[in-house]
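Structure file final18.pdb with PDB, C-alpha atoms:
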```
ATOM      1  CA  MET A   1      -0.997  31.856   6.048
ATOM      2  CA  ARG A   2      -2.712  28.869   7.639
ATOM      3  CA  SER A   3      -6.203  30.263   6.977
ATOM      4  CA  ARG A   4      -5.370  30.663   3.281
ATOM      5  CA  TYR A   5      -4.429  26.986   3.005
ATOM      6  CA  VAL A   6      -7.462  25.884   4.991
ATOM      7  CA  GLY A   7      -9.614  27.930   2.633
ATOM      8  CA  LEU A   8      -7.963  26.208  -0.316
ATOM      9  CA  ALA A   9      -8.691  22.812   1.235
ATOM     10  CA  VAL A  10     -12.374  23.691   1.609
ATOM     11  CA  ALA A  11     -12.490  24.824  -2.008
ATOM     12  CA  ILE A  12     -10.877  21.600  -3.188
ATOM     13  CA  VAL A  13     -13.408  19.473  -1.319
ATOM     14  CA  ALA A  14     -16.212  21.596  -2.759
ATOM     15  CA  VAL A  15     -14.933  21.050  -6.293
ATOM     16  CA  ALA A  16     -14.716  17.326  -5.564
ATOM     17  CA  SER A  17     -18.489  17.124  -5.308
ATOM     18  CA  LEU A  18     -19.070  18.515  -8.789
ATOM     19  CA  ALA A  19     -18.018  15.556 -10.895
ATOM     20  CA  THR A  20     -18.146  11.824 -10.448
ATOM     21  CA  PRO A  21     -16.953   9.744 -13.450
ATOM     22  CA  ALA A  22     -19.082   7.003 -14.894
ATOM     23  CA  PHE A  23     -16.504   4.316 -14.129
ATOM     24  CA  ALA A  24     -16.404   5.445 -10.472
ATOM     25  CA  GLN A  25     -20.202   5.350 -10.272
ATOM     26  CA  GLU A  26     -20.062   1.752 -11.456
ATOM     27  CA  THR A  27     -18.092   0.811  -8.372
ATOM     28  CA  GLU A  28     -21.268   1.031  -6.307
ATOM     29  CA  ARG A  29     -22.208  -2.303  -7.885
ATOM     30  CA  LYS A  30     -18.779  -3.898  -7.432
ATOM     31  CA  GLY A  31     -16.333  -4.690  -4.684
ATOM     32  CA  VAL A  32     -16.761  -7.000  -1.704
ATOM     33  CA  SER A  33     -19.160  -6.785   1.204
ATOM     34  CA  ALA A  34     -17.563  -5.291   4.287
ATOM     35  CA  PRO A  35     -17.680  -7.178   7.585
ATOM     36  CA  ARG A  36     -19.945  -5.922  10.354
ATOM     37  CA  GLY A  37     -18.644  -2.790  12.005
ATOM     38  CA  HIS A  38     -16.598  -1.698   8.993
ATOM     39  CA  VAL A  39     -16.611   1.947   7.964
ATOM     40  CA  PHE A  40     -17.841   1.033   4.453
ATOM     41  CA  LYS A  41     -20.704  -1.218   3.385
ATOM     42  CA  THR A  42     -18.810  -2.230   0.255
ATOM     43  CA  ILE A  43     -15.043  -2.344  -0.065
ATOM     44  CA  ILE A  44     -13.809  -1.287  -3.493
ATOM     45  CA  SER A  45     -10.347  -1.598  -4.997
ATOM     46  CA  GLY A  46      -8.662   1.407  -6.574
ATOM     47  CA  TYR A  47      -8.663  -0.676  -9.758
ATOM     48  CA  GLN A  48     -12.332   0.185 -10.247
ATOM     49  CA  PHE A  49     -11.579   3.911 -10.137
ATOM     50  CA  ARG A  50      -9.126   3.804 -13.023
ATOM     51  CA  SER A  51      -9.832   4.119 -16.740
ATOM     52  CA  LYS A  52     -10.482   1.046 -18.870
ATOM     53  CA  GLU A  53      -7.089   1.545 -20.515
ATOM     54  CA  THR A  54      -5.261   1.471 -17.179
ATOM     55  CA  ARG A  55      -7.235  -1.561 -16.033
ATOM     56  CA  ALA A  56      -6.437  -3.352 -19.283
ATOM     57  CA  LEU A  57      -2.735  -2.634 -18.755
ATOM     58  CA  GLN A  58      -2.859  -4.161 -15.282
ATOM     59  CA  ASP A  59      -4.786  -7.193 -16.492
ATOM     60  CA  ASP A  60      -2.289  -8.140 -19.195
ATOM     61  CA  ASP A  61       0.695  -9.822 -17.537
ATOM     62  CA  LEU A  62       2.797  -9.309 -20.662
ATOM     63  CA  GLU A  63       2.051  -5.576 -20.836
ATOM     64  CA  ASN A  64       1.939  -4.778 -17.112
ATOM     65  CA  PRO A  65       5.318  -3.074 -16.471
ATOM     66  CA  GLY A  66       5.262  -4.192 -12.826
ATOM     67  CA  PHE A  67       6.029  -7.746 -13.908
ATOM     68  CA  LEU A  68       9.555  -6.722 -14.838
ATOM     69  CA  ALA A  69      10.180  -6.439 -11.090
ATOM     70  CA  VAL A  70       8.685  -9.878 -10.492
ATOM     71  CA  GLU A  71      11.029 -11.358 -13.085
ATOM     72  CA  ARG A  72      14.101  -9.613 -11.681
ATOM     73  CA  ALA A  73      13.317 -10.680  -8.119
ATOM     74  CA  ALA A  74      12.680 -14.268  -9.204
ATOM     75  CA  ASP A  75      16.354 -14.433 -10.205
ATOM     76  CA  VAL A  76      17.544 -12.695  -7.030
ATOM     77  CA  TRP A  77      15.499 -15.162  -4.952
ATOM     78  CA  LYS A  78      17.916 -17.889  -6.050
ATOM     79  CA  LYS A  79      21.086 -15.828  -5.704
ATOM     80  CA  ALA A  80      23.361 -16.526  -2.726
ATOM     81  CA  GLU A  81      24.500 -13.398  -0.895
ATOM     82  CA  GLY A  82      26.218 -12.501   2.368
ATOM     83  CA  SER A  83      28.824 -14.279   4.445
ATOM     84  CA  LYS A  84      26.511 -17.251   5.030
ATOM     85  CA  GLY A  85      26.402 -17.970   1.314
ATOM     86  CA  LYS A  86      22.623 -18.331   1.395
ATOM     87  CA  SER A  87      19.848 -17.259  -0.918
ATOM     88  CA  CYS A  88      16.164 -16.753  -0.145
ATOM     89  CA  MET A  89      15.571 -20.165  -1.673
ATOM     90  CA  SER A  90      18.076 -21.773   0.707
ATOM     91  CA  CYS A  91      15.631 -21.338   3.586
ATOM     92  CA  HIS A  92      12.255 -20.886   1.916
ATOM     93  CA  GLY A  93      12.429 -23.097  -1.143
ATOM     94  CA  GLU A  94      10.116 -22.256  -4.024
ATOM     95  CA  ALA A  95       8.440 -18.908  -3.436
ATOM     96  CA  GLU A  96       5.261 -20.039  -5.167
ATOM     97  CA  THR A  97       4.680 -22.414  -2.255
ATOM     98  CA  SER A  98       6.413 -20.899   0.772
ATOM     99  CA  MET A  99       5.295 -17.295   0.178
ATOM    100  CA  LYS A 100       1.723 -18.072  -0.792
ATOM    101  CA  GLY A 101      -0.587 -16.109   1.484
ATOM    102  CA  VAL A 102       2.200 -14.055   3.084
ATOM    103  CA  GLY A 103       1.371 -10.874   1.191
ATOM    104  CA  ALA A 104      -2.317 -11.125   2.063
ATOM    105  CA  ALA A 105      -1.681 -11.193   5.807
ATOM    106  CA  THR A 106       0.925  -8.505   6.441
ATOM    107  CA  PRO A 107       1.836  -6.601   8.524
ATOM    108  CA  LYS A 108       2.103  -9.609  10.827
ATOM    109  CA  TRP A 109       3.004  -9.903  14.493
ATOM    110  CA  ASP A 110       6.564 -11.015  15.286
ATOM    111  CA  ASP A 111       6.802 -12.768  18.648
ATOM    112  CA  LYS A 112      10.554 -12.301  18.869
ATOM    113  CA  LEU A 113      10.512  -8.570  18.157
ATOM    114  CA  LYS A 114       7.216  -7.979  19.987
ATOM    115  CA  ARG A 115       5.917  -5.819  17.168
ATOM    116  CA  PRO A 116       4.309  -6.096  13.739
ATOM    117  CA  VAL A 117       6.572  -6.471  10.724
ATOM    118  CA  ASN A 118       5.755  -5.767   7.085
ATOM    119  CA  ILE A 119       7.247  -7.385   3.993
ATOM    120  CA  GLU A 120      10.094  -4.894   3.494
ATOM    121  CA  GLN A 121      11.164  -5.289   7.101
ATOM    122  CA  ARG A 122      10.928  -9.075   6.978
ATOM    123  CA  ILE A 123      13.088  -9.194   3.858
ATOM    124  CA  ASN A 124      15.826  -7.163   5.529
ATOM    125  CA  ILE A 125      15.594  -9.225   8.727
ATOM    126  CA  CYS A 126      16.245 -12.316   6.627
ATOM    127  CA  ARG A 127      19.162 -10.624   4.896
ATOM    128  CA  THR A 128      20.895  -9.365   8.047
ATOM    129  CA  GLU A 129      20.187 -12.278  10.401
ATOM    130  CA  HIS A 130      20.102 -15.355   8.200
ATOM    131  CA  MET A 131      22.174 -14.420   5.158
ATOM    132  CA  LYS A 132      24.546 -11.998   6.917
ATOM    133  CA  ALA A 133      24.094  -9.674   3.969
ATOM    134  CA  GLU A 134      23.652  -5.921   3.851
ATOM    135  CA  PRO A 135      20.024  -4.739   4.176
ATOM    136  CA  TRP A 136      18.474  -3.108   1.156
ATOM    137  CA  LYS A 137      17.546   0.554   1.425
ATOM    138  CA  PHE A 138      13.923   1.610   1.290
ATOM    139  CA  LYS A 139      12.914   2.634  -2.265
ATOM    140  CA  SER A 140      15.871   0.731  -3.716
ATOM    141  CA  GLN A 141      15.006  -1.322  -6.777
ATOM    142  CA  GLU A 142      16.140  -4.482  -4.997
ATOM    143  CA  LEU A 143      13.833  -4.068  -1.992
ATOM    144  CA  THR A 144      10.844  -2.900  -4.016
ATOM    145  CA  ASP A 145      11.324  -5.733  -6.521
ATOM    146  CA  MET A 146      11.506  -8.395  -3.824
ATOM    147  CA  THR A 147       8.536  -6.938  -1.950
ATOM    148  CA  THR A 148       6.558  -7.061  -5.187
ATOM    149  CA  PHE A 149       7.694 -10.625  -5.875
ATOM    150  CA  VAL A 150       6.755 -11.868  -2.400
ATOM    151  CA  ARG A 151       3.379 -10.152  -2.476
ATOM    152  CA  TYR A 152       2.694 -11.446  -5.978
ATOM    153  CA  GLN A 153       2.682 -14.993  -4.610
ATOM    154  CA  SER A 154      -0.633 -14.052  -2.925
ATOM    155  CA  HIS A 155      -2.094 -12.599  -6.134
ATOM    156  CA  GLY A 156      -5.875 -13.047  -6.110
ATOM    157  CA  MET A 157      -6.036 -14.072  -2.466
ATOM    158  CA  PRO A 158      -8.211 -11.931  -0.158
ATOM    159  CA  ALA A 159      -6.517  -9.567   2.249
ATOM    160  CA  ALA A 160      -6.759 -11.148   5.695
ATOM    161  CA  VAL A 161      -4.652  -9.079   8.076
ATOM    162  CA  LYS A 162      -5.145  -9.735  11.802
ATOM    163  CA  THR A 163      -5.764  -6.814  14.128
ATOM    164  CA  ASP A 164      -6.592  -8.474  17.432
ATOM    165  CA  GLY A 165      -4.415  -9.522  20.373
ATOM    166  CA  PRO A 166      -1.092  -7.690  20.528
ATOM    167  CA  MET A 167      -1.875  -6.022  17.190
ATOM    168  CA  SER A 168      -4.830  -4.121  18.647
ATOM    169  CA  SER A 169      -2.810  -1.209  20.037
ATOM    170  CA  TRP A 170      -1.044  -0.789  16.683
ATOM    171  CA  PHE A 171      -4.408  -0.921  14.923
ATOM    172  CA  GLU A 172      -5.796   1.824  17.155
ATOM    173  CA  ARG A 173      -2.695   3.924  16.599
ATOM    174  CA  GLY A 174      -3.063   3.573  12.840
ATOM    175  CA  LYS A 175      -6.729   4.505  13.060
ATOM    176  CA  GLN A 176      -5.876   7.631  15.042
ATOM    177  CA  ILE A 177      -3.332   8.668  12.409
ATOM    178  CA  TYR A 178      -5.857   8.020   9.633
ATOM    179  CA  TYR A 179      -8.372  10.418  11.153
ATOM    180  CA  THR A 180      -5.905  13.097  12.273
ATOM    181  CA  ARG A 181      -5.682  16.262  10.169
ATOM    182  CA  TYR A 182      -2.164  17.177   9.102
ATOM    183  CA  GLY A 183      -0.345  19.952   7.308
ATOM    184  CA  GLN A 184      -1.201  23.417   6.081
ATOM    185  CA  LEU A 185      -4.146  22.024   4.137
ATOM    186  CA  ASP A 186      -5.539  20.590   7.383
ATOM    187  CA  LEU A 187      -6.627  17.289   5.818
ATOM    188  CA  ALA A 188      -6.738  13.704   7.077
ATOM    189  CA  CYS A 189      -6.634  10.463   5.114
ATOM    190  CA  GLU A 190     -10.379  10.152   5.604
ATOM    191  CA  SER A 191     -10.956  13.625   4.125
ATOM    192  CA  CYS A 192     -10.204  12.231   0.673
ATOM    193  CA  HIS A 193     -10.611   8.471   0.872
ATOM    194  CA  GLU A 194     -13.668   8.196   3.094
ATOM    195  CA  ARG A 195     -15.779  11.323   2.729
ATOM    196  CA  ASN A 196     -14.954  12.088  -0.896
ATOM    197  CA  ASN A 197     -14.037   8.826  -2.608
ATOM    198  CA  GLY A 198     -15.366   8.604  -6.147
ATOM    199  CA  LYS A 199     -15.200  12.367  -6.641
ATOM    200  CA  PHE A 200     -13.065  14.488  -8.912
ATOM    201  CA  MET A 201     -10.108  16.371  -7.439
ATOM    202  CA  ARG A 202      -6.942  17.737  -9.004
ATOM    203  CA  ALA A 203      -7.412  15.941 -12.331
ATOM    204  CA  ASP A 204      -7.882  12.592 -10.628
ATOM    205  CA  PHE A 205     -10.651  10.572  -9.014
ATOM    206  CA  LEU A 206     -10.385   9.686  -5.373
ATOM    207  CA  SER A 207     -10.564   6.013  -4.471
ATOM    208  CA  GLN A 208     -11.138   4.462  -1.061
ATOM    209  CA  GLY A 209      -7.367   4.471  -0.665
ATOM    210  CA  GLN A 210      -7.016   0.699  -0.567
ATOM    211  CA  THR A 211      -3.571  -0.899  -0.388
ATOM    212  CA  ASN A 212      -4.247  -4.307  -1.940
ATOM    213  CA  GLY A 213      -2.238  -3.458  -5.067
ATOM    214  CA  PHE A 214       1.004  -2.218  -3.516
ATOM    215  CA  PRO A 215       3.750  -1.976  -4.547
ATOM    216  CA  THR A 216       1.950  -0.404  -7.479
ATOM    217  CA  TYR A 217       3.280   0.748 -10.834
ATOM    218  CA  ARG A 218       2.410   4.437 -11.078
ATOM    219  CA  LEU A 219       2.200   5.708 -14.638
ATOM    220  CA  ARG A 220       3.089   9.201 -13.445
ATOM    221  CA  ASP A 221       6.361   8.002 -11.941
ATOM    222  CA  GLN A 222       7.080   5.275 -14.503
ATOM    223  CA  ARG A 223       8.144   2.877 -11.740
ATOM    224  CA  LEU A 224       6.882   0.747  -8.897
ATOM    225  CA  VAL A 225       6.030   2.713  -5.787
ATOM    226  CA  PRO A 226       6.068   1.053  -2.342
ATOM    227  CA  LEU A 227       3.228   1.757   0.064
ATOM    228  CA  HIS A 228       5.133   3.900   2.562
ATOM    229  CA  GLU A 229       6.351   6.130  -0.251
ATOM    230  CA  ARG A 230       2.709   6.717  -1.196
ATOM    231  CA  PHE A 231       1.893   7.533   2.425
ATOM    232  CA  GLU A 232       4.826   9.941   2.370
ATOM    233  CA  GLY A 233       3.565  11.530  -0.845
ATOM    234  CA  CYS A 234       0.092  12.059   0.579
ATOM    235  CA  MET A 235       1.551  13.892   3.558
ATOM    236  CA  PHE A 236       3.654  16.069   1.253
ATOM    237  CA  ASP A 237       0.486  16.832  -0.739
ATOM    238  CA  VAL A 238      -1.225  18.284   2.326
ATOM    239  CA  ARG A 239       1.919  20.315   3.152
ATOM    240  CA  ALA A 240       2.788  18.199   6.189
ATOM    241  CA  GLU A 241       6.090  16.892   7.484
ATOM    242  CA  PRO A 242       5.787  13.173   6.688
ATOM    243  CA  PHE A 243       6.674  10.319   8.972
ATOM    244  CA  LYS A 244       9.690   8.313   7.890
ATOM    245  CA  PRO A 245       9.144   5.209   5.718
ATOM    246  CA  LEU A 246       9.085   2.024   7.827
ATOM    247  CA  SER A 247       8.524   4.122  10.966
ATOM    248  CA  ASP A 248       6.165   2.909  13.683
ATOM    249  CA  GLU A 249       3.649   5.532  12.553
ATOM    250  CA  PHE A 250       3.528   4.338   8.947
ATOM    251  CA  LEU A 251       3.576   0.707  10.028
ATOM    252  CA  ALA A 252       0.534   1.302  12.244
ATOM    253  CA  LEU A 253      -1.161   3.160   9.385
ATOM    254  CA  GLU A 254      -0.348   0.283   7.009
ATOM    255  CA  LEU A 255      -2.019  -2.147   9.388
ATOM    256  CA  TYR A 256      -5.154  -0.035   9.754
ATOM    257  CA  VAL A 257      -5.529   0.648   6.037
ATOM    258  CA  ALA A 258      -4.966  -3.040   5.251
ATOM    259  CA  TRP A 259      -7.901  -3.793   7.543
ATOM    260  CA  ARG A 260     -10.032  -1.270   5.676
ATOM    261  CA  GLY A 261      -9.483  -3.394   2.555
ATOM    262  CA  ILE A 262     -10.012  -6.757   4.189
ATOM    263  CA  GLY A 263     -11.454  -9.236   1.695
ATOM    264  CA  LEU A 264     -10.155  -7.464  -1.410
ATOM    265  CA  PRO A 265      -7.922  -9.633  -3.608
ATOM    266  CA  VAL A 266      -4.204  -8.870  -3.701
ATOM    267  CA  GLU A 267      -3.517  -7.219  -7.075
ATOM    268  CA  THR A 268       0.241  -6.710  -6.826
ATOM    269  CA  PRO A 269       1.673  -5.523  -9.137
ATOM    270  CA  SER A 270      -1.225  -3.192  -9.798
ATOM    271  CA  VAL A 271      -1.169  -0.215 -12.178
ATOM    272  CA  ARG A 272      -2.403   3.213 -11.134
ATOM    273  CA  ASN A 273      -2.161   6.773 -12.450
TER
END
```
As structure tokens, what does this structure read like?
Amino acid sequence: MRSRYVGLAVAIVAVASLATPAFAQETERKGVSAPRGHVFKTIISGYQFRSKETRALQDDDLENPGFLAVERAADVWKKAEGSKGKSCMSCHGEAETSMKGVGAATPKWDDKLKRPVNIEQRINICRTEHMKAEPWKFKSQELTDMTTFVRYQSHGMPAAVKTDGPMSSWFERGKQIYYTRYGQLDLACESCHERNNGKFMRADFLSQGQTNGFPTYRLRDQRLVPLHERFEGCMFDVRAEPFKPLSDEFLALELYVAWRGIGLPVETPSVRN
């Protein structure tokens, strides 16, 4: 059984080399220069791998469906919840000022917890510790909306996650996961997003797998999709048992992949297929 799936994986990669779309070829002349030692010479957003219609939808704030989440969360930001009777604004003030740059630099090290924390986790820490409110569940509209809203405050700012100091062991763990083959298809993240980016596979074109647009509005799902759900989906696609969202494994992977896109502007809420 395993050999049949491995054979299928080889066939898929072979097909990937047969067609490269014009708009993906154009990405060779776009993107940002990678820092020394990076796996790529040029870092390219998934935006450049999408059709002109999809890019136009993302570019128009009035048409981009992801902005409905931004609007909803803007109201929730001011809403008092929990036994403390506090809102996000009670502590942080105007999000446009206090959250600027936050989404470009996460996951970020937390000295108190002695571990990195991403936006979803930070939101729920604020809710449980400072507001004394119930945490929001992963994939809930409330948590995805607020994650999108917080990250949107860094829109256009370059990704600048830190990977040194105490983050280094998490970075190395994420890198190991990225290059490990999983599932019956025996594929790693790098199989698609490093060795075959810009090639045709399964009616889609493989990007570098950058995360600068998450949460992203996926046209296929007709909703915003948080990053760890996309990680989960990729593992399902290769017939693997996925790690749990917000697990240490996915958090380490989030850190490593964020580094792979360092310098790319935050596009949240982006639009993808």
Report as a PDB file with C-alpha atoms, in the frame of the given file the full result of the PyMOL selection byres ((chain A and resi 41-45) around 8) when it is applied to this structure.
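Done, and the output landed in result07.pdb:
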```pdb
ATOM      1  CA  THR A  27     -18.092   0.811  -8.372  1.00  0.00           C
ATOM      2  CA  GLU A  28     -21.268   1.031  -6.307  1.00  0.00           C
ATOM      3  CA  LYS A  30     -18.779  -3.898  -7.432  1.00  0.00           C
ATOM      4  CA  GLY A  31     -16.333  -4.690  -4.684  1.00  0.00           C
ATOM      5  CA  VAL A  32     -16.761  -7.000  -1.704  1.00  0.00           C
ATOM      6  CA  SER A  33     -19.160  -6.785   1.204  1.00  0.00           C
ATOM      7  CA  ALA A  34     -17.563  -5.291   4.287  1.00  0.00           C
ATOM      8  CA  PRO A  35     -17.680  -7.178   7.585  1.00  0.00           C
ATOM      9  CA  HIS A  38     -16.598  -1.698   8.993  1.00  0.00           C
ATOM     10  CA  VAL A  39     -16.611   1.947   7.964  1.00  0.00           C
ATOM     11  CA  PHE A  40     -17.841   1.033   4.453  1.00  0.00           C
ATOM     12  CA  GLY A  46      -8.662   1.407  -6.574  1.00  0.00           C
ATOM     13  CA  TYR A  47      -8.663  -0.676  -9.758  1.00  0.00           C
ATOM     14  CA  GLN A  48     -12.332   0.185 -10.247  1.00  0.00           C
ATOM     15  CA  PHE A  49     -11.579   3.911 -10.137  1.00  0.00           C
ATOM     16  CA  SER A 207     -10.564   6.013  -4.471  1.00  0.00           C
ATOM     17  CA  GLN A 208     -11.138   4.462  -1.061  1.00  0.00           C
ATOM     18  CA  GLN A 210      -7.016   0.699  -0.567  1.00  0.00           C
ATOM     19  CA  ASN A 212      -4.247  -4.307  -1.940  1.00  0.00           C
ATOM     20  CA  ARG A 260     -10.032  -1.270   5.676  1.00  0.00           C
ATOM     21  CA  GLY A 261      -9.483  -3.394   2.555  1.00  0.00           C
ATOM     22  CA  ILE A 262     -10.012  -6.757   4.189  1.00  0.00           C
ATOM     23  CA  GLY A 263     -11.454  -9.236   1.695  1.00  0.00           C
ATOM     24  CA  LEU A 264     -10.155  -7.464  -1.410  1.00  0.00           C
TER      25      LEU A 264
END
```
(request) Point out the residue among A:Lys79, A:Lys162, A:His155, A:Lys139 with the least atom-to-atom distance to Leu224 (chain A), counting all atoms listed in the file. (result)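 Looking only at the distances to Leu224 (chain A), the closest residue turns out to be A:Lys139.
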(message) Report as a list in words all protein, DNA and RNA residues lying within 10 Å of region 164-166 of chain A, evaluated on only C-alpha atoms, omitting residues in the same chain fewer than 4 positions from it.
(response)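 Listing them by chain and then by number gives Trp109, Asp110, Asp111, Lys114, Arg115, Pro116, Trp170 and Phe171 of chain A.
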With C-alpha atoms retained, export the selected residues as a PDB file, keeping the file's coordinate frame.
```pdb
ATOM      1  CA  TRP A 109       3.004  -9.903  14.493  1.00  0.00           C
ATOM      2  CA  ASP A 110       6.564 -11.015  15.286  1.00  0.00           C
ATOM      3  CA  ASP A 111       6.802 -12.768  18.648  1.00  0.00           C
ATOM      4  CA  LYS A 114       7.216  -7.979  19.987  1.00  0.00           C
ATOM      5  CA  ARG A 115       5.917  -5.819  17.168  1.00  0.00           C
ATOM      6  CA  PRO A 116       4.309  -6.096  13.739  1.00  0.00           C
ATOM      7  CA  TRP A 170      -1.044  -0.789  16.683  1.00  0.00           C
ATOM      8  CA  PHE A 171      -4.408  -0.921  14.923  1.00  0.00           C
TER       9      PHE A 171
END
```
Residue members of the PyMOL selection byres ((chain A and resi 267) around 6) in the file shown, as a compact mmCIF listing (two decimals) with C-alpha atoms, in the coordinates of the input:
```txt
# COMPACT_ATOMS: atom_id res chain seq x y z
CA HIS A 155 -2.09 -12.60 -6.13
CA ASN A 212 -4.25 -4.31 -1.94
CA GLY A 213 -2.24 -3.46 -5.07
CA VAL A 266 -4.20 -8.87 -3.70
CA THR A 268 0.24 -6.71 -6.83
CA PRO A 269 1.67 -5.52 -9.14
CA SER A 270 -1.23 -3.19 -9.80
```
(message) What's around Pro245 (chain A) at 12 Å? Count all atoms listed in the file, leave out sequence neighbours fewer than 4 positions away in its own chain, and write the answer as a list in words.
(response) Asn118, Glu120, Gln121, Lys137, Phe138, Lys139, Pro226, Leu227, His228, Glu229, Arg230, Phe231, Glu232, Gly233, Met235, Glu249, Phe250, Leu251, Ala252, Leu253 and Glu254 of chain A
Write to file, as a PDB file, in the coordinates of the input, the residues of the selection just made, with C-alpha atoms.
```
ATOM      1  CA  ASN A 118       5.755  -5.767   7.085  1.00  0.00           C
ATOM      2  CA  GLU A 120      10.094  -4.894   3.494  1.00  0.00           C
ATOM      3  CA  GLN A 121      11.164  -5.289   7.101  1.00  0.00           C
ATOM      4  CA  LYS A 137      17.546   0.554   1.425  1.00  0.00           C
ATOM      5  CA  PHE A 138      13.923   1.610   1.290  1.00  0.00           C
ATOM      6  CA  LYS A 139      12.914   2.634  -2.265  1.00  0.00           C
ATOM      7  CA  PRO A 226       6.068   1.053  -2.342  1.00  0.00           C
ATOM      8  CA  LEU A 227       3.228   1.757   0.064  1.00  0.00           C
ATOM      9  CA  HIS A 228       5.133   3.900   2.562  1.00  0.00           C
ATOM     10  CA  GLU A 229       6.351   6.130  -0.251  1.00  0.00           C
ATOM     11  CA  ARG A 230       2.709   6.717  -1.196  1.00  0.00           C
ATOM     12  CA  PHE A 231       1.893   7.533   2.425  1.00  0.00           C
ATOM     13  CA  GLU A 232       4.826   9.941   2.370  1.00  0.00           C
ATOM     14  CA  GLY A 233       3.565  11.530  -0.845  1.00  0.00           C
ATOM     15  CA  MET A 235       1.551  13.892   3.558  1.00  0.00           C
ATOM     16  CA  GLU A 249       3.649   5.532  12.553  1.00  0.00           C
ATOM     17  CA  PHE A 250       3.528   4.338   8.947  1.00  0.00           C
ATOM     18  CA  LEU A 251       3.576   0.707  10.028  1.00  0.00           C
ATOM     19  CA  ALA A 252       0.534   1.302  12.244  1.00  0.00           C
ATOM     20  CA  LEU A 253      -1.161   3.160   9.385  1.00  0.00           C
ATOM     21  CA  GLU A 254      -0.348   0.283   7.009  1.00  0.00           C
TER      22      GLU A 254
END
```
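Of the listed residues (A:Ala240, A:Cys234, A:Leu62, A:Leu219), A:Leu219 comes nearest to Arg272 (chain A); the distances count only C-alpha atoms.
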(request) Would you mind listing what lies within 6 Å of Glu190 (chain A) as number ranges by chain, with all atoms listed in the file counted and same-chain residues fewer than 3 positions away left out? (result) A: 179, 193-194
Please write the residues from the selection above to a file, keeping C-alpha atoms, as a PDB file, keeping the file's coordinate frame.
```
ATOM      1  CA  TYR A 179      -8.372  10.418  11.153  1.00  0.00           C
ATOM      2  CA  HIS A 193     -10.611   8.471   0.872  1.00  0.00           C
ATOM      3  CA  GLU A 194     -13.668   8.196   3.094  1.00  0.00           C
TER       4      GLU A 194
END
```
How close does region 108-172 of chain A get to region 69-77 of chain A? List, as a Markdown table, each residue of region 108-172 of chain A within 12 Å, its nearest atom pair and the distance in Å to one decimal, counting only C-alpha atoms.
```
| residue | atom | partner | partner_atom | distance |
| --- | --- | --- | --- | --- |
| A:Ile123 | CA | A:Trp77 | CA | 10.9 |
| A:Cys126 | CA | A:Trp77 | CA | 11.9 |
| A:Arg127 | CA | A:Trp77 | CA | 11.4 |
| A:Ser140 | CA | A:Ala69 | CA | 11.8 |
| A:Gln141 | CA | A:Ala69 | CA | 8.3 |
| A:Glu142 | CA | A:Ala73 | CA | 7.5 |
| A:Leu143 | CA | A:Ala73 | CA | 9.0 |
| A:Thr144 | CA | A:Ala69 | CA | 7.9 |
| A:Asp145 | CA | A:Ala69 | CA | 4.8 |
| A:Met146 | CA | A:Ala73 | CA | 5.2 |
| A:Thr147 | CA | A:Ala73 | CA | 8.7 |
| A:Thr148 | CA | A:Val70 | CA | 6.4 |
| A:Phe149 | CA | A:Val70 | CA | 4.8 |
| A:Val150 | CA | A:Val70 | CA | 8.6 |
| A:Arg151 | CA | A:Val70 | CA | 9.6 |
| A:Tyr152 | CA | A:Val70 | CA | 7.7 |
| A:Gln153 | CA | A:Val70 | CA | 9.8 |
| A:His155 | CA | A:Val70 | CA | 11.9 |
```
Report the centre and edge lengths, in Å to one decimal, of an axis-aligned box enclosing every atom of region 231-243 of chain A listed in the file, padded by 3 Å on each side, as AutoDock Vina command-line options.
```
--center_x 2.7 --center_y 13.9 --center_z 4.1 --size_x 13.9 --size_y 18.8 --size_z 15.8
```
(request) Would you mind reading off the distance between CA of Glu94 (chain A) and CA of Thr106 (chain A), one decimal, in Å? (result) 19.6 Å
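For the file shown, the residue list from the PyMOL selection byres ((chain A and resi 218) around 6) reads Tyr217, Leu219, Arg220, Asp221, Gln222, Arg223, Val271, Arg272 and Asn273 of chain A.
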(request) In Å, rounded to a single decimal, give me how far CA of Met157 (chain A) is from CA of Arg50 (chain A). (result)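 Separating CA of Arg50 (chain A) from CA of Met157 (chain A) is a distance of 21.0 Å.
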(request) Please measure the separation of CA of Asp61 (chain A) and CA of Leu255 (chain A), giving the value in Å to one decimal. (result) 28.1 Å
(request) Please provide the set of residues having any atom within 9 Å of Ala105 (chain A), restricted to only C-alpha atoms, with same-chain residues fewer than 6 positions apart removed, written as a PyMOL selection string. (result) chain A and resi 158-162+258
With C-alpha atoms retained, write the just-selected residues as a PDB file, in the coordinates of the input.
```pdb
ATOM      1  CA  PRO A 158      -8.211 -11.931  -0.158  1.00  0.00           C
ATOM      2  CA  ALA A 159      -6.517  -9.567   2.249  1.00  0.00           C
ATOM      3  CA  ALA A 160      -6.759 -11.148   5.695  1.00  0.00           C
ATOM      4  CA  VAL A 161      -4.652  -9.079   8.076  1.00  0.00           C
ATOM      5  CA  LYS A 162      -5.145  -9.735  11.802  1.00  0.00           C
ATOM      6  CA  ALA A 258      -4.966  -3.040   5.251  1.00  0.00           C
TER       7      ALA A 258
END
```
(message) With distances taken over all atoms listed in the file, which residue among A:Ser98, A:Thr54, A:Thr128, A:Thr216 lies nearest Lys84 (chain A)?
(response)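 Checking each candidate against Lys84 (chain A), we get A:Thr128 as the closest.
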(message) Using only C-alpha atoms, can you tell me which of A:Arg181, A:Arg36, A:Lys86, A:Lys112 comes closest to Lys132 (chain A)?
(response)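 Comparing A:Arg181, A:Arg36, A:Lys86, A:Lys112 against Lys132 (chain A), the winner is A:Lys86.
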